[in-house]
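Reproduced below: upload07.pdb, with PDB, C-alpha atoms.
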```pdb
ATOM      1  CA  MET A   1     -41.663   7.435 -26.548  1.00  0.00           C
ATOM      2  CA  SER A   2     -39.861   5.430 -29.205  1.00  0.00           C
ATOM      3  CA  GLU A   3     -36.090   5.183 -29.359  1.00  0.00           C
ATOM      4  CA  ASN A   4     -33.992   5.203 -32.473  1.00  0.00           C
ATOM      5  CA  HIS A   5     -32.928   1.801 -33.782  1.00  0.00           C
ATOM      6  CA  GLU A   6     -29.278   2.313 -32.827  1.00  0.00           C
ATOM      7  CA  ASN A   7     -30.134   3.498 -29.302  1.00  0.00           C
ATOM      8  CA  GLU A   8     -27.360   6.048 -29.698  1.00  0.00           C
ATOM      9  CA  GLY A   9     -26.321   8.702 -32.156  1.00  0.00           C
ATOM     10  CA  VAL A  10     -28.338  10.174 -34.980  1.00  0.00           C
ATOM     11  CA  CYS A  11     -30.625   8.052 -37.184  1.00  0.00           C
ATOM     12  CA  PRO A  12     -31.494   8.690 -40.805  1.00  0.00           C
ATOM     13  CA  ILE A  13     -34.624  10.810 -41.051  1.00  0.00           C
ATOM     14  CA  ILE A  14     -37.264  11.178 -43.744  1.00  0.00           C
ATOM     15  CA  GLU A  15     -38.934  14.557 -44.347  1.00  0.00           C
ATOM     16  CA  GLU A  16     -41.249  15.999 -46.956  1.00  0.00           C
ATOM     17  CA  HIS A  17     -40.046  19.162 -48.647  1.00  0.00           C
ATOM     18  CA  ARG A  18     -42.150  21.182 -51.079  1.00  0.00           C
ATOM     19  CA  ARG A  19     -41.006  23.154 -54.111  1.00  0.00           C
ATOM     20  CA  LYS A  20     -42.853  22.877 -57.415  1.00  0.00           C
ATOM     21  CA  GLU A  21     -43.314  19.204 -56.525  1.00  0.00           C
ATOM     22  CA  THR A  22     -43.214  17.446 -53.168  1.00  0.00           C
ATOM     23  CA  ALA A  23     -40.109  15.451 -52.297  1.00  0.00           C
ATOM     24  CA  SER A  24     -39.803  12.746 -49.679  1.00  0.00           C
ATOM     25  CA  VAL A  25     -36.156  12.941 -48.668  1.00  0.00           C
ATOM     26  CA  LEU A  26     -34.105  10.497 -46.630  1.00  0.00           C
ATOM     27  CA  PHE A  27     -31.173  12.250 -44.941  1.00  0.00           C
ATOM     28  CA  TRP A  28     -28.380  10.036 -43.638  1.00  0.00           C
ATOM     29  CA  PRO A  29     -26.907  10.780 -40.153  1.00  0.00           C
ATOM     30  CA  ALA A  30     -23.843  12.666 -41.453  1.00  0.00           C
ATOM     31  CA  VAL A  31     -26.174  15.104 -43.243  1.00  0.00           C
ATOM     32  CA  VAL A  32     -28.396  15.515 -40.176  1.00  0.00           C
ATOM     33  CA  ASP A  33     -25.300  16.221 -38.049  1.00  0.00           C
ATOM     34  CA  LEU A  34     -24.199  18.985 -40.449  1.00  0.00           C
ATOM     35  CA  PHE A  35     -27.702  20.383 -41.022  1.00  0.00           C
ATOM     36  CA  PRO A  36     -29.625  19.818 -37.761  1.00  0.00           C
ATOM     37  CA  SER A  37     -32.662  22.006 -38.532  1.00  0.00           C
ATOM     38  CA  PHE A  38     -35.381  21.565 -41.128  1.00  0.00           C
ATOM     39  CA  GLU A  39     -34.590  25.016 -42.550  1.00  0.00           C
ATOM     40  CA  GLU A  40     -30.915  24.141 -43.086  1.00  0.00           C
ATOM     41  CA  ARG A  41     -31.843  20.877 -44.801  1.00  0.00           C
ATOM     42  CA  GLU A  42     -34.375  22.758 -46.927  1.00  0.00           C
ATOM     43  CA  GLY A  43     -31.521  24.757 -48.486  1.00  0.00           C
ATOM     44  CA  LEU A  44     -29.781  21.504 -49.385  1.00  0.00           C
ATOM     45  CA  VAL A  45     -33.012  20.091 -50.864  1.00  0.00           C
ATOM     46  CA  ASN A  46     -33.500  23.245 -52.962  1.00  0.00           C
ATOM     47  CA  ALA A  47     -29.955  22.941 -54.344  1.00  0.00           C
ATOM     48  CA  LEU A  48     -30.545  19.262 -55.057  1.00  0.00           C
ATOM     49  CA  GLY A  49     -33.898  20.069 -56.690  1.00  0.00           C
ATOM     50  CA  ASP A  50     -32.144  22.453 -59.077  1.00  0.00           C
ATOM     51  CA  GLU A  51     -29.612  19.724 -59.889  1.00  0.00           C
ATOM     52  CA  VAL A  52     -32.285  17.048 -60.451  1.00  0.00           C
ATOM     53  CA  ASN A  53     -34.359  19.394 -62.633  1.00  0.00           C
ATOM     54  CA  SER A  54     -31.333  19.954 -64.889  1.00  0.00           C
ATOM     55  CA  ILE A  55     -31.072  16.207 -65.646  1.00  0.00           C
ATOM     56  CA  PRO A  56     -33.600  14.935 -68.221  1.00  0.00           C
ATOM     57  CA  SER A  57     -34.495  11.700 -66.416  1.00  0.00           C
ATOM     58  CA  ASP A  58     -37.126  10.483 -63.960  1.00  0.00           C
ATOM     59  CA  VAL A  59     -34.598   8.180 -62.281  1.00  0.00           C
ATOM     60  CA  ILE A  60     -31.108   9.154 -61.136  1.00  0.00           C
ATOM     61  CA  PRO A  61     -29.552   6.046 -59.594  1.00  0.00           C
ATOM     62  CA  TYR A  62     -26.396   7.879 -58.514  1.00  0.00           C
ATOM     63  CA  GLY A  63     -25.517  11.549 -58.583  1.00  0.00           C
ATOM     64  CA  THR A  64     -23.203  14.009 -56.893  1.00  0.00           C
ATOM     65  CA  LEU A  65     -23.847  17.518 -55.643  1.00  0.00           C
ATOM     66  CA  SER A  66     -21.503  20.223 -54.396  1.00  0.00           C
ATOM     67  CA  TYR A  67     -23.225  22.431 -51.819  1.00  0.00           C
ATOM     68  CA  ARG A  68     -21.566  24.872 -49.392  1.00  0.00           C
ATOM     69  CA  GLN A  69     -18.145  23.471 -50.258  1.00  0.00           C
ATOM     70  CA  LEU A  70     -19.280  19.959 -49.287  1.00  0.00           C
ATOM     71  CA  PHE A  71     -19.729  16.989 -51.589  1.00  0.00           C
ATOM     72  CA  PHE A  72     -22.934  14.932 -51.407  1.00  0.00           C
ATOM     73  CA  VAL A  73     -24.056  11.744 -53.127  1.00  0.00           C
ATOM     74  CA  TYR A  74     -27.717  11.181 -53.880  1.00  0.00           C
ATOM     75  CA  GLN A  75     -30.347   9.063 -55.563  1.00  0.00           C
ATOM     76  CA  SER A  76     -33.594  10.449 -56.937  1.00  0.00           C
ATOM     77  CA  ARG A  77     -36.660   9.166 -58.719  1.00  0.00           C
ATOM     78  CA  TRP A  78     -39.993  10.639 -59.730  1.00  0.00           C
ATOM     79  CA  ASP A  79     -43.075   8.585 -58.826  1.00  0.00           C
ATOM     80  CA  ALA A  80     -45.918   9.624 -61.139  1.00  0.00           C
ATOM     81  CA  ASP A  81     -48.548   7.705 -59.142  1.00  0.00           C
ATOM     82  CA  GLU A  82     -47.730   9.569 -55.928  1.00  0.00           C
ATOM     83  CA  GLU A  83     -46.717  12.765 -57.765  1.00  0.00           C
ATOM     84  CA  MET A  84     -43.630  12.962 -55.588  1.00  0.00           C
ATOM     85  CA  TYR A  85     -39.858  12.790 -55.826  1.00  0.00           C
ATOM     86  CA  PHE A  86     -38.113  10.266 -53.602  1.00  0.00           C
ATOM     87  CA  MET A  87     -34.562  11.265 -52.735  1.00  0.00           C
ATOM     88  CA  ASN A  88     -31.757   9.814 -50.679  1.00  0.00           C
ATOM     89  CA  ILE A  89     -28.928  12.175 -49.616  1.00  0.00           C
ATOM     90  CA  ASP A  90     -25.637  11.258 -47.960  1.00  0.00           C
ATOM     91  CA  LEU A  91     -22.373  13.062 -47.378  1.00  0.00           C
ATOM     92  CA  ALA A  92     -19.457  11.835 -49.474  1.00  0.00           C
ATOM     93  CA  VAL A  93     -16.645  11.080 -47.063  1.00  0.00           C
ATOM     94  CA  GLY A  94     -13.902  10.519 -49.581  1.00  0.00           C
ATOM     95  CA  CYS A  95     -13.004  10.460 -53.237  1.00  0.00           C
ATOM     96  CA  VAL A  96     -10.644   8.088 -54.979  1.00  0.00           C
ATOM     97  CA  GLU A  97      -9.028   8.833 -58.324  1.00  0.00           C
ATOM     98  CA  VAL A  98      -9.342   5.772 -60.514  1.00  0.00           C
ATOM     99  CA  GLY A  99      -7.680   7.258 -63.568  1.00  0.00           C
ATOM    100  CA  HIS A 100      -8.192   9.786 -66.279  1.00  0.00           C
ATOM    101  CA  VAL A 101      -8.978   9.952 -69.951  1.00  0.00           C
ATOM    102  CA  LEU A 102      -6.062  10.477 -72.255  1.00  0.00           C
ATOM    103  CA  ASP A 103      -6.413  13.189 -74.889  1.00  0.00           C
ATOM    104  CA  ASN A 104      -4.391  11.253 -77.460  1.00  0.00           C
ATOM    105  CA  PHE A 105      -5.680   7.733 -76.725  1.00  0.00           C
ATOM    106  CA  ASP A 106      -6.186   6.854 -80.412  1.00  0.00           C
ATOM    107  CA  ASP A 107      -2.568   7.762 -81.199  1.00  0.00           C
ATOM    108  CA  ILE A 108      -1.083   5.363 -78.610  1.00  0.00           C
ATOM    109  CA  SER A 109       0.110   1.928 -79.706  1.00  0.00           C
ATOM    110  CA  ILE A 110      -1.482  -1.283 -78.420  1.00  0.00           C
ATOM    111  CA  GLU A 111       1.672  -2.107 -76.406  1.00  0.00           C
ATOM    112  CA  GLU A 112       1.606   1.275 -74.714  1.00  0.00           C
ATOM    113  CA  LYS A 113      -2.090   0.820 -73.885  1.00  0.00           C
ATOM    114  CA  LEU A 114      -1.554  -2.649 -72.415  1.00  0.00           C
ATOM    115  CA  PHE A 115       1.558  -1.890 -70.384  1.00  0.00           C
ATOM    116  CA  SER A 116       0.740   1.615 -69.273  1.00  0.00           C
ATOM    117  CA  ASN A 117      -0.092   2.430 -65.653  1.00  0.00           C
ATOM    118  CA  GLU A 118      -2.880   4.659 -66.933  1.00  0.00           C
ATOM    119  CA  THR A 119      -6.482   3.733 -66.229  1.00  0.00           C
ATOM    120  CA  VAL A 120      -8.690   4.709 -69.163  1.00  0.00           C
ATOM    121  CA  HIS A 121     -12.461   5.189 -68.850  1.00  0.00           C
TER     122      HIS A 121
END
```
As structure tokens:
Amino acid sequence: MSENHENEGVCPIIEEHRRKETASVLFWPAVVDLFPSFEEREGLVNALGDEVNSIPSDVIPYGTLSYRQLFFVYQSRWDADEEMYFMNIDLAVGCVEVGHVLDNFDDISIEEKLFSNETVH
């Protein structure tokens, strides 16, 4: 019997989930801890599938998903050769506010922009 590479705790796991298309999904340990059964993870994959289908791109290098009042980060890409999605799902453990967009940014003087404590994106 093989042991996990950490020899303790939960390892990331990779499973195939099927909707319209097959997805090979890597779940990080925090996700496996919260959703220990395949059926529970399947609900998360279905929610993520809906999210990915709403984005008109074959590659999503970084995305976020709110599911069951939890916040997840993910990556996704469609592989046409294998006819499969490859996804990577982890639990977001914290959020940091880096700033906000000002409504009246064009009306602010250069001095105010340079010496303001506001972070503009």
With the PyMOL selection byres ((chain A and resi 16) around 12) as the selection, what would be picked from this file? Answer as a ChimeraX atom specification, please.
/A:13-15,17-19,21-27,38,41-42,45,84-88
Store the residues of this selection in a file with C-alpha atoms, as a PDB file, keeping the file's coordinate frame.
```pdb
ATOM      1  CA  ILE A  13     -34.624  10.810 -41.051  1.00  0.00           C
ATOM      2  CA  ILE A  14     -37.264  11.178 -43.744  1.00  0.00           C
ATOM      3  CA  GLU A  15     -38.934  14.557 -44.347  1.00  0.00           C
ATOM      4  CA  HIS A  17     -40.046  19.162 -48.647  1.00  0.00           C
ATOM      5  CA  ARG A  18     -42.150  21.182 -51.079  1.00  0.00           C
ATOM      6  CA  ARG A  19     -41.006  23.154 -54.111  1.00  0.00           C
ATOM      7  CA  GLU A  21     -43.314  19.204 -56.525  1.00  0.00           C
ATOM      8  CA  THR A  22     -43.214  17.446 -53.168  1.00  0.00           C
ATOM      9  CA  ALA A  23     -40.109  15.451 -52.297  1.00  0.00           C
ATOM     10  CA  SER A  24     -39.803  12.746 -49.679  1.00  0.00           C
ATOM     11  CA  VAL A  25     -36.156  12.941 -48.668  1.00  0.00           C
ATOM     12  CA  LEU A  26     -34.105  10.497 -46.630  1.00  0.00           C
ATOM     13  CA  PHE A  27     -31.173  12.250 -44.941  1.00  0.00           C
ATOM     14  CA  PHE A  38     -35.381  21.565 -41.128  1.00  0.00           C
ATOM     15  CA  ARG A  41     -31.843  20.877 -44.801  1.00  0.00           C
ATOM     16  CA  GLU A  42     -34.375  22.758 -46.927  1.00  0.00           C
ATOM     17  CA  VAL A  45     -33.012  20.091 -50.864  1.00  0.00           C
ATOM     18  CA  MET A  84     -43.630  12.962 -55.588  1.00  0.00           C
ATOM     19  CA  TYR A  85     -39.858  12.790 -55.826  1.00  0.00           C
ATOM     20  CA  PHE A  86     -38.113  10.266 -53.602  1.00  0.00           C
ATOM     21  CA  MET A  87     -34.562  11.265 -52.735  1.00  0.00           C
ATOM     22  CA  ASN A  88     -31.757   9.814 -50.679  1.00  0.00           C
TER      23      ASN A  88
END
```
One-decimal distance in Å that lies between CA of Phe72 in chain A and CA of Asn46 in chain A
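These atoms are spaced 13.5 Å apart.
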Evaluate the PyMOL selection byres ((chain A and resi 64-70) around 9) here and jot the selected residues down as an NGL selection string.
:A and (44 or 47-48 or 51 or 62-63 or 71-75 or 91-92)
Generate a file of the selected residues that holds C-alpha atoms, formatted as a PDB file, in the coordinates of the input.
```pdb
ATOM      1  CA  LEU A  44     -29.781  21.504 -49.385  1.00  0.00           C
ATOM      2  CA  ALA A  47     -29.955  22.941 -54.344  1.00  0.00           C
ATOM      3  CA  LEU A  48     -30.545  19.262 -55.057  1.00  0.00           C
ATOM      4  CA  GLU A  51     -29.612  19.724 -59.889  1.00  0.00           C
ATOM      5  CA  TYR A  62     -26.396   7.879 -58.514  1.00  0.00           C
ATOM      6  CA  GLY A  63     -25.517  11.549 -58.583  1.00  0.00           C
ATOM      7  CA  PHE A  71     -19.729  16.989 -51.589  1.00  0.00           C
ATOM      8  CA  PHE A  72     -22.934  14.932 -51.407  1.00  0.00           C
ATOM      9  CA  VAL A  73     -24.056  11.744 -53.127  1.00  0.00           C
ATOM     10  CA  TYR A  74     -27.717  11.181 -53.880  1.00  0.00           C
ATOM     11  CA  GLN A  75     -30.347   9.063 -55.563  1.00  0.00           C
ATOM     12  CA  LEU A  91     -22.373  13.062 -47.378  1.00  0.00           C
ATOM     13  CA  ALA A  92     -19.457  11.835 -49.474  1.00  0.00           C
TER      14      ALA A  92
END
```
Nearest to Asp33 in chain A, chosen from A:Val52, A:Cys11, A:Glu82, A:Ser57, with all atoms listed in the file counted in the distances:
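Among the listed residues, A:Cys11 lies closest to Asp33 in chain A.
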Given all atoms listed in the file as the basis, pick out the residue of A:Glu40, A:Trp78, A:Asn53, A:Val31 nearest to Asp90 in chain A.
A:Val31
Measuring atom to atom with all atoms listed in the file, identify which of A:Asp81, A:Val59, A:Pro12, A:Asp50 is nearest to Pro29 in chain A.
A:Pro12
Given all atoms listed in the file as the basis, pick out the residue of A:Ser37, A:Arg77, A:Val93, A:Ala30 nearest to Pro61 in chain A.
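Closest to Pro61 in chain A of all the choices is A:Arg77.
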